[in-house]
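Colleague: Okay, so here is final_10.pdb, and as you'll see once you scroll down, it has PDB, N, CA and C atoms.
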ATOM      1  N   MET A   1      17.748 -12.647   8.253
ATOM      2  CA  MET A   1      18.506 -13.529   9.106
ATOM      3  C   MET A   1      19.730 -13.980   8.310
ATOM      4  N   GLY A   2      20.863 -13.900   8.941
ATOM      5  CA  GLY A   2      22.112 -14.261   8.286
ATOM      6  C   GLY A   2      22.280 -15.764   8.169
ATOM      7  N   PRO A   3      23.247 -16.184   7.377
ATOM      8  CA  PRO A   3      23.457 -17.621   7.184
ATOM      9  C   PRO A   3      23.867 -18.344   8.469
ATOM     10  N   LEU A   4      24.629 -17.677   9.319
ATOM     11  CA  LEU A   4      25.052 -18.302  10.569
ATOM     12  C   LEU A   4      23.861 -18.515  11.507
ATOM     13  N   ALA A   5      22.990 -17.511  11.590
ATOM     14  CA  ALA A   5      21.809 -17.635  12.442
ATOM     15  C   ALA A   5      20.864 -18.710  11.910
ATOM     16  N   GLY A   6      20.718 -18.779  10.596
ATOM     17  CA  GLY A   6      19.878 -19.817   9.996
ATOM     18  C   GLY A   6      20.401 -21.209  10.277
ATOM     19  N   TYR A   7      21.706 -21.369  10.162
ATOM     20  CA  TYR A   7      22.331 -22.664  10.436
ATOM     21  C   TYR A   7      22.164 -23.039  11.908
ATOM     22  N   ALA A   8      22.394 -22.082  12.801
ATOM     23  CA  ALA A   8      22.253 -22.341  14.239
ATOM     24  C   ALA A   8      20.807 -22.695  14.585
ATOM     25  N   GLY A   9      19.872 -22.001  13.971
ATOM     26  CA  GLY A   9      18.458 -22.297  14.214
ATOM     27  C   GLY A   9      18.083 -23.700  13.784
ATOM     28  N   LYS A  10      18.591 -24.113  12.636
ATOM     29  CA  LYS A  10      18.318 -25.471  12.153
ATOM     30  C   LYS A  10      18.931 -26.514  13.080
ATOM     31  N   GLU A  11      20.146 -26.253  13.546
ATOM     32  CA  GLU A  11      20.807 -27.194  14.456
ATOM     33  C   GLU A  11      20.038 -27.327  15.773
ATOM     34  N   VAL A  12      19.553 -26.214  16.292
ATOM     35  CA  VAL A  12      18.775 -26.249  17.533
ATOM     36  C   VAL A  12      17.473 -27.006  17.307
ATOM     37  N   ALA A  13      16.801 -26.734  16.185
ATOM     38  CA  ALA A  13      15.544 -27.427  15.889
ATOM     39  C   ALA A  13      15.759 -28.933  15.778
ATOM     40  N   VAL A  14      16.818 -29.338  15.113
ATOM     41  CA  VAL A  14      17.120 -30.769  14.975
ATOM     42  C   VAL A  14      17.402 -31.388  16.344
ATOM     43  N   ALA A  15      18.148 -30.680  17.176
ATOM     44  CA  ALA A  15      18.472 -31.204  18.512
ATOM     45  C   ALA A  15      17.213 -31.370  19.359
ATOM     46  N   VAL A  16      16.302 -30.401  19.288
ATOM     47  CA  VAL A  16      15.058 -30.483  20.065
ATOM     48  C   VAL A  16      14.205 -31.641  19.569
ATOM     49  N   ILE A  17      14.081 -31.789  18.266
ATOM     50  CA  ILE A  17      13.261 -32.874  17.708
ATOM     51  C   ILE A  17      13.869 -34.240  18.050
ATOM     52  N   GLU A  18      15.189 -34.354  17.978
ATOM     53  CA  GLU A  18      15.827 -35.623  18.336
ATOM     54  C   GLU A  18      15.634 -35.947  19.813
ATOM     55  N   GLU A  19      15.744 -34.942  20.677
ATOM     56  CA  GLU A  19      15.545 -35.170  22.114
ATOM     57  C   GLU A  19      14.089 -35.545  22.399
ATOM     58  N   ALA A  20      13.140 -34.886  21.718
ATOM     59  CA  ALA A  20      11.728 -35.209  21.905
ATOM     60  C   ALA A  20      11.443 -36.643  21.457
ATOM     61  N   ALA A  21      12.046 -37.050  20.339
ATOM     62  CA  ALA A  21      11.856 -38.422  19.863
ATOM     63  C   ALA A  21      12.435 -39.416  20.857
ATOM     64  N   ALA A  22      13.592 -39.100  21.427
ATOM     65  CA  ALA A  22      14.205 -39.987  22.423
ATOM     66  C   ALA A  22      13.326 -40.082  23.669
ATOM     67  N   GLU A  23      12.735 -38.963  24.058
ATOM     68  CA  GLU A  23      11.837 -38.978  25.217
ATOM     69  C   GLU A  23      10.608 -39.841  24.952
ATOM     70  N   LEU A  24      10.039 -39.690  23.766
ATOM     71  CA  LEU A  24       8.829 -40.447  23.441
ATOM     72  C   LEU A  24       9.102 -41.946  23.327
ATOM     73  N   ARG A  25      10.327 -42.316  22.926
ATOM     74  CA  ARG A  25      10.690 -43.726  22.835
ATOM     75  C   ARG A  25      11.152 -44.294  24.176
ATOM     76  N   GLY A  26      11.288 -43.439  25.189
ATOM     77  CA  GLY A  26      11.702 -43.900  26.507
ATOM     78  C   GLY A  26      13.201 -43.987  26.685
ATOM     79  N   ARG A  27      13.960 -43.403  25.793
ATOM     80  CA  ARG A  27      15.421 -43.455  25.884
ATOM     81  C   ARG A  27      15.993 -42.287  26.684
ATOM     82  N   SER A  28      15.147 -41.360  27.092
ATOM     83  CA  SER A  28      15.600 -40.193  27.840
ATOM     84  C   SER A  28      14.593 -39.910  28.948
ATOM     85  N   ASN A  29      15.071 -39.432  30.079
ATOM     86  CA  ASN A  29      14.185 -39.108  31.196
ATOM     87  C   ASN A  29      13.822 -37.631  31.253
ATOM     88  N   ARG A  30      14.442 -36.840  30.409
ATOM     89  CA  ARG A  30      14.146 -35.410  30.398
ATOM     90  C   ARG A  30      12.853 -35.164  29.638
ATOM     91  N   LYS A  31      12.044 -34.215  30.110
ATOM     92  CA  LYS A  31      10.748 -33.962  29.473
ATOM     93  C   LYS A  31      10.643 -32.580  28.853
ATOM     94  N   TRP A  32      11.705 -31.808  28.859
ATOM     95  CA  TRP A  32      11.622 -30.446  28.361
ATOM     96  C   TRP A  32      11.395 -30.384  26.854
ATOM     97  N   ALA A  33      11.956 -31.302  26.097
ATOM     98  CA  ALA A  33      11.842 -31.227  24.639
ATOM     99  C   ALA A  33      10.423 -31.509  24.168
ATOM    100  N   VAL A  34       9.751 -32.463  24.792
ATOM    101  CA  VAL A  34       8.371 -32.757  24.398
ATOM    102  C   VAL A  34       7.478 -31.562  24.726
ATOM    103  N   MET A  35       7.681 -30.964  25.885
ATOM    104  CA  MET A  35       6.877 -29.795  26.254
ATOM    105  C   MET A  35       7.157 -28.624  25.313
ATOM    106  N   LEU A  36       8.420 -28.388  24.983
ATOM    107  CA  LEU A  36       8.770 -27.305  24.068
ATOM    108  C   LEU A  36       8.184 -27.552  22.691
ATOM    109  N   LEU A  37       8.286 -28.775  22.210
ATOM    110  CA  LEU A  37       7.738 -29.117  20.904
ATOM    111  C   LEU A  37       6.217 -28.952  20.884
ATOM    112  N   ALA A  38       5.542 -29.372  21.946
ATOM    113  CA  ALA A  38       4.086 -29.194  22.023
ATOM    114  C   ALA A  38       3.715 -27.715  22.045
ATOM    115  N   PHE A  39       4.485 -26.904  22.745
ATOM    116  CA  PHE A  39       4.245 -25.467  22.798
ATOM    117  C   PHE A  39       4.399 -24.836  21.423
ATOM    118  N   ILE A  40       5.454 -25.212  20.706
ATOM    119  CA  ILE A  40       5.699 -24.657  19.370
ATOM    120  C   ILE A  40       4.607 -25.092  18.392
ATOM    121  N   VAL A  41       4.195 -26.347  18.466
ATOM    122  CA  VAL A  41       3.115 -26.829  17.593
ATOM    123  C   VAL A  41       1.816 -26.090  17.906
ATOM    124  N   GLY A  42       1.559 -25.837  19.185
ATOM    125  CA  GLY A  42       0.364 -25.080  19.572
ATOM    126  C   GLY A  42       0.380 -23.669  19.027
ATOM    127  N   ILE A  43       1.537 -23.019  19.087
ATOM    128  CA  ILE A  43       1.648 -21.664  18.537
ATOM    129  C   ILE A  43       1.415 -21.690  17.028
ATOM    130  N   ALA A  44       2.013 -22.655  16.355
ATOM    131  CA  ALA A  44       1.840 -22.758  14.899
ATOM    132  C   ALA A  44       0.379 -22.988  14.536
ATOM    133  N   ALA A  45      -0.303 -23.855  15.276
ATOM    134  CA  ALA A  45      -1.727 -24.110  15.011
ATOM    135  C   ALA A  45      -2.556 -22.852  15.248
ATOM    136  N   THR A  46      -2.234 -22.105  16.290
ATOM    137  CA  THR A  46      -2.956 -20.862  16.573
ATOM    138  C   THR A  46      -2.765 -19.851  15.456
ATOM    139  N   VAL A  47      -1.551 -19.721  14.971
ATOM    140  CA  VAL A  47      -1.281 -18.783  13.876
ATOM    141  C   VAL A  47      -2.052 -19.187  12.625
ATOM    142  N   ILE A  48      -2.086 -20.479  12.325
ATOM    143  CA  ILE A  48      -2.813 -20.956  11.142
ATOM    144  C   ILE A  48      -4.301 -20.658  11.269
ATOM    145  N   VAL A  49      -4.880 -20.908  12.440
ATOM    146  CA  VAL A  49      -6.311 -20.652  12.642
ATOM    147  C   VAL A  49      -6.613 -19.168  12.508
ATOM    148  N   ILE A  50      -5.785 -18.312  13.097
ATOM    149  CA  ILE A  50      -6.024 -16.868  13.023
ATOM    150  C   ILE A  50      -5.920 -16.383  11.582
ATOM    151  N   LYS A  51      -4.938 -16.889  10.833
ATOM    152  CA  LYS A  51      -4.798 -16.470   9.439
ATOM    153  C   LYS A  51      -5.979 -16.933   8.594
ATOM    154  N   ARG A  52      -6.480 -18.126   8.865
ATOM    155  CA  ARG A  52      -7.633 -18.620   8.092
ATOM    156  C   ARG A  52      -8.906 -17.858   8.410
ATOM    157  N   ARG A  53      -8.998 -17.289   9.598
ATOM    158  CA  ARG A  53     -10.168 -16.499   9.974
ATOM    159  C   ARG A  53     -10.064 -15.064   9.493
ATOM    160  N   GLY A  54      -9.065 -14.745   8.764
ATOM    161  CA  GLY A  54      -8.929 -13.403   8.224
ATOM    162  C   GLY A  54      -8.023 -12.513   9.048
ATOM    163  N   GLY A  55      -7.272 -13.059   9.947
ATOM    164  CA  GLY A  55      -6.311 -12.287  10.711
ATOM    165  C   GLY A  55      -6.868 -11.551  11.906
ATOM    166  N   THR A  56      -8.112 -11.832  12.287
ATOM    167  CA  THR A  56      -8.682 -11.156  13.450
ATOM    168  C   THR A  56      -8.988 -12.181  14.529
ATOM    169  N   LEU A  57      -8.866 -11.739  15.737
ATOM    170  CA  LEU A  57      -9.235 -12.583  16.861
ATOM    171  C   LEU A  57     -10.738 -12.487  17.078
ATOM    172  N   PRO A  58     -11.376 -13.533  17.578
ATOM    173  CA  PRO A  58     -12.825 -13.490  17.776
ATOM    174  C   PRO A  58     -13.280 -12.351  18.700
ATOM    175  N   ILE A  59     -12.454 -11.985  19.671
ATOM    176  CA  ILE A  59     -12.864 -10.942  20.610
ATOM    177  C   ILE A  59     -12.990  -9.587  19.918
ATOM    178  N   GLU A  60     -12.223  -9.363  18.857
ATOM    179  CA  GLU A  60     -12.287  -8.089  18.159
ATOM    180  C   GLU A  60     -13.636  -7.888  17.464
ATOM    181  N   ASN A  61     -14.331  -8.962  17.147
ATOM    182  CA  ASN A  61     -15.625  -8.872  16.486
ATOM    183  C   ASN A  61     -16.791  -8.857  17.472
ATOM    184  N   ASP A  62     -16.498  -9.006  18.740
ATOM    185  CA  ASP A  62     -17.529  -9.041  19.771
ATOM    186  C   ASP A  62     -17.958  -7.619  20.108
ATOM    187  N   PRO A  63     -19.267  -7.301  20.004
ATOM    188  CA  PRO A  63     -19.720  -5.926  20.294
ATOM    189  C   PRO A  63     -19.431  -5.490  21.728
ATOM    190  N   ARG A  64     -19.372  -6.435  22.670
ATOM    191  CA  ARG A  64     -19.071  -6.058  24.054
ATOM    192  C   ARG A  64     -17.646  -5.535  24.157
ATOM    193  N   TRP A  65     -16.724  -6.075  23.379
ATOM    194  CA  TRP A  65     -15.343  -5.606  23.371
ATOM    195  C   TRP A  65     -15.292  -4.175  22.857
ATOM    196  N   THR A  66     -16.041  -3.880  21.786
ATOM    197  CA  THR A  66     -16.070  -2.535  21.222
ATOM    198  C   THR A  66     -16.635  -1.540  22.229
ATOM    199  N   GLU A  67     -17.722  -1.923  22.912
ATOM    200  CA  GLU A  67     -18.312  -1.029  23.913
ATOM    201  C   GLU A  67     -17.323  -0.745  25.035
ATOM    202  N   MET A  68     -16.608  -1.771  25.482
ATOM    203  CA  MET A  68     -15.674  -1.603  26.587
ATOM    204  C   MET A  68     -14.499  -0.716  26.179
ATOM    205  N   THR A  69     -13.961  -0.929  24.991
ATOM    206  CA  THR A  69     -12.817  -0.130  24.574
ATOM    207  C   THR A  69     -13.226   1.292  24.243
ATOM    208  N   ASP A  70     -14.411   1.485  23.674
ATOM    209  CA  ASP A  70     -14.886   2.842  23.391
ATOM    210  C   ASP A  70     -15.115   3.621  24.680
ATOM    211  N   ALA A  71     -15.611   2.960  25.707
ATOM    212  CA  ALA A  71     -15.849   3.628  26.995
ATOM    213  C   ALA A  71     -14.524   4.062  27.628
ATOM    214  N   LYS A  72     -13.490   3.252  27.490
ATOM    215  CA  LYS A  72     -12.179   3.599  28.045
ATOM    216  C   LYS A  72     -11.537   4.744  27.283
ATOM    217  N   LEU A  73     -11.800   4.816  25.982
ATOM    218  CA  LEU A  73     -11.201   5.864  25.167
ATOM    219  C   LEU A  73     -11.994   7.170  25.234
ATOM    220  N   GLY A  74     -13.159   7.113  25.847
ATOM    221  CA  GLY A  74     -13.973   8.326  25.978
ATOM    222  C   GLY A  74     -14.783   8.655  24.742
ATOM    223  N   ALA A  75     -15.050   7.667  23.919
ATOM    224  CA  ALA A  75     -15.812   7.893  22.684
ATOM    225  C   ALA A  75     -17.289   7.882  22.944
TER     226      ALA A  75
END
Could I get this structure in the form of structure tokens?
Modeller:
Amino acid sequence: MGPLAGYAGKEVAVAVIEEAAAELRGRSNRKWAVMLLAFIVGIAATVIVIKRRGGTLPIENDPRWTEMTDAKLGA
């Protein structure tokens, strides 16, 4: 990522966080920033949980998933 893209990304992140803070304090009637921030935090938490579990999703370890995918592949 180039320096311009990094700078723009930081500016956008700061703007979203400031708008979310204004919404939470009641200084703004718009609700998009709080929802966006909650979505991003949820994605980050999901990534952390998946990495701590060894990088696999629980469904990949389920024998029913293996049976279903093997049947589709003709194995």
Colleague: Find the residues near segment 28-45 of chain A: any atom within 8 Å, counting only N, CA and C atoms, skip ones fewer than 4 places away on the same chain, and give them as a PDB file with N, CA and C atoms, in the frame of the given file.
Modeller:
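Result file is part_9.pdb:
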ATOM      1  N   ALA A  15      18.148 -30.680  17.176  1.00  0.00           N
ATOM      2  CA  ALA A  15      18.472 -31.204  18.512  1.00  0.00           C
ATOM      3  C   ALA A  15      17.213 -31.370  19.359  1.00  0.00           C
ATOM      4  N   VAL A  16      16.302 -30.401  19.288  1.00  0.00           N
ATOM      5  CA  VAL A  16      15.058 -30.483  20.065  1.00  0.00           C
ATOM      6  C   VAL A  16      14.205 -31.641  19.569  1.00  0.00           C
ATOM      7  N   ILE A  17      14.081 -31.789  18.266  1.00  0.00           N
ATOM      8  CA  ILE A  17      13.261 -32.874  17.708  1.00  0.00           C
ATOM      9  C   ILE A  17      13.869 -34.240  18.050  1.00  0.00           C
ATOM     10  N   GLU A  18      15.189 -34.354  17.978  1.00  0.00           N
ATOM     11  CA  GLU A  18      15.827 -35.623  18.336  1.00  0.00           C
ATOM     12  C   GLU A  18      15.634 -35.947  19.813  1.00  0.00           C
ATOM     13  N   GLU A  19      15.744 -34.942  20.677  1.00  0.00           N
ATOM     14  CA  GLU A  19      15.545 -35.170  22.114  1.00  0.00           C
ATOM     15  C   GLU A  19      14.089 -35.545  22.399  1.00  0.00           C
ATOM     16  N   ALA A  20      13.140 -34.886  21.718  1.00  0.00           N
ATOM     17  CA  ALA A  20      11.728 -35.209  21.905  1.00  0.00           C
ATOM     18  C   ALA A  20      11.443 -36.643  21.457  1.00  0.00           C
ATOM     19  N   ALA A  21      12.046 -37.050  20.339  1.00  0.00           N
ATOM     20  CA  ALA A  21      11.856 -38.422  19.863  1.00  0.00           C
ATOM     21  C   ALA A  21      12.435 -39.416  20.857  1.00  0.00           C
ATOM     22  N   ALA A  22      13.592 -39.100  21.427  1.00  0.00           N
ATOM     23  CA  ALA A  22      14.205 -39.987  22.423  1.00  0.00           C
ATOM     24  C   ALA A  22      13.326 -40.082  23.669  1.00  0.00           C
ATOM     25  N   GLU A  23      12.735 -38.963  24.058  1.00  0.00           N
ATOM     26  CA  GLU A  23      11.837 -38.978  25.217  1.00  0.00           C
ATOM     27  C   GLU A  23      10.608 -39.841  24.952  1.00  0.00           C
ATOM     28  N   LEU A  24      10.039 -39.690  23.766  1.00  0.00           N
ATOM     29  CA  LEU A  24       8.829 -40.447  23.441  1.00  0.00           C
ATOM     30  C   LEU A  24       9.102 -41.946  23.327  1.00  0.00           C
ATOM     31  N   VAL A  49      -4.880 -20.908  12.440  1.00  0.00           N
ATOM     32  CA  VAL A  49      -6.311 -20.652  12.642  1.00  0.00           C
ATOM     33  C   VAL A  49      -6.613 -19.168  12.508  1.00  0.00           C
ATOM     34  N   ILE A  50      -5.785 -18.312  13.097  1.00  0.00           N
ATOM     35  CA  ILE A  50      -6.024 -16.868  13.023  1.00  0.00           C
ATOM     36  C   ILE A  50      -5.920 -16.383  11.582  1.00  0.00           C
ATOM     37  N   LYS A  51      -4.938 -16.889  10.833  1.00  0.00           N
ATOM     38  CA  LYS A  51      -4.798 -16.470   9.439  1.00  0.00           C
ATOM     39  C   LYS A  51      -5.979 -16.933   8.594  1.00  0.00           C
TER      40      LYS A  51
END
Colleague: So how many Å separate atom CA of Gly26 of chain A and atom CA of Val12 of chain A, to one decimal?
Modeller: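 That distance, rounded to one decimal, is 21.0 Å.
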Colleague: Find the distance between atom N of Ala13 of chain A and atom CA of Arg27 of chain A and write it in Å to one decimal.
Modeller: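 Going from atom N of Ala13 of chain A over to atom CA of Arg27 of chain A covers 19.4 Å.
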Colleague: Measure the distance from atom N of Gly9 of chain A to atom CA of Arg25 of chain A in Å and round it to one decimal.
Modeller: 25.2 Å
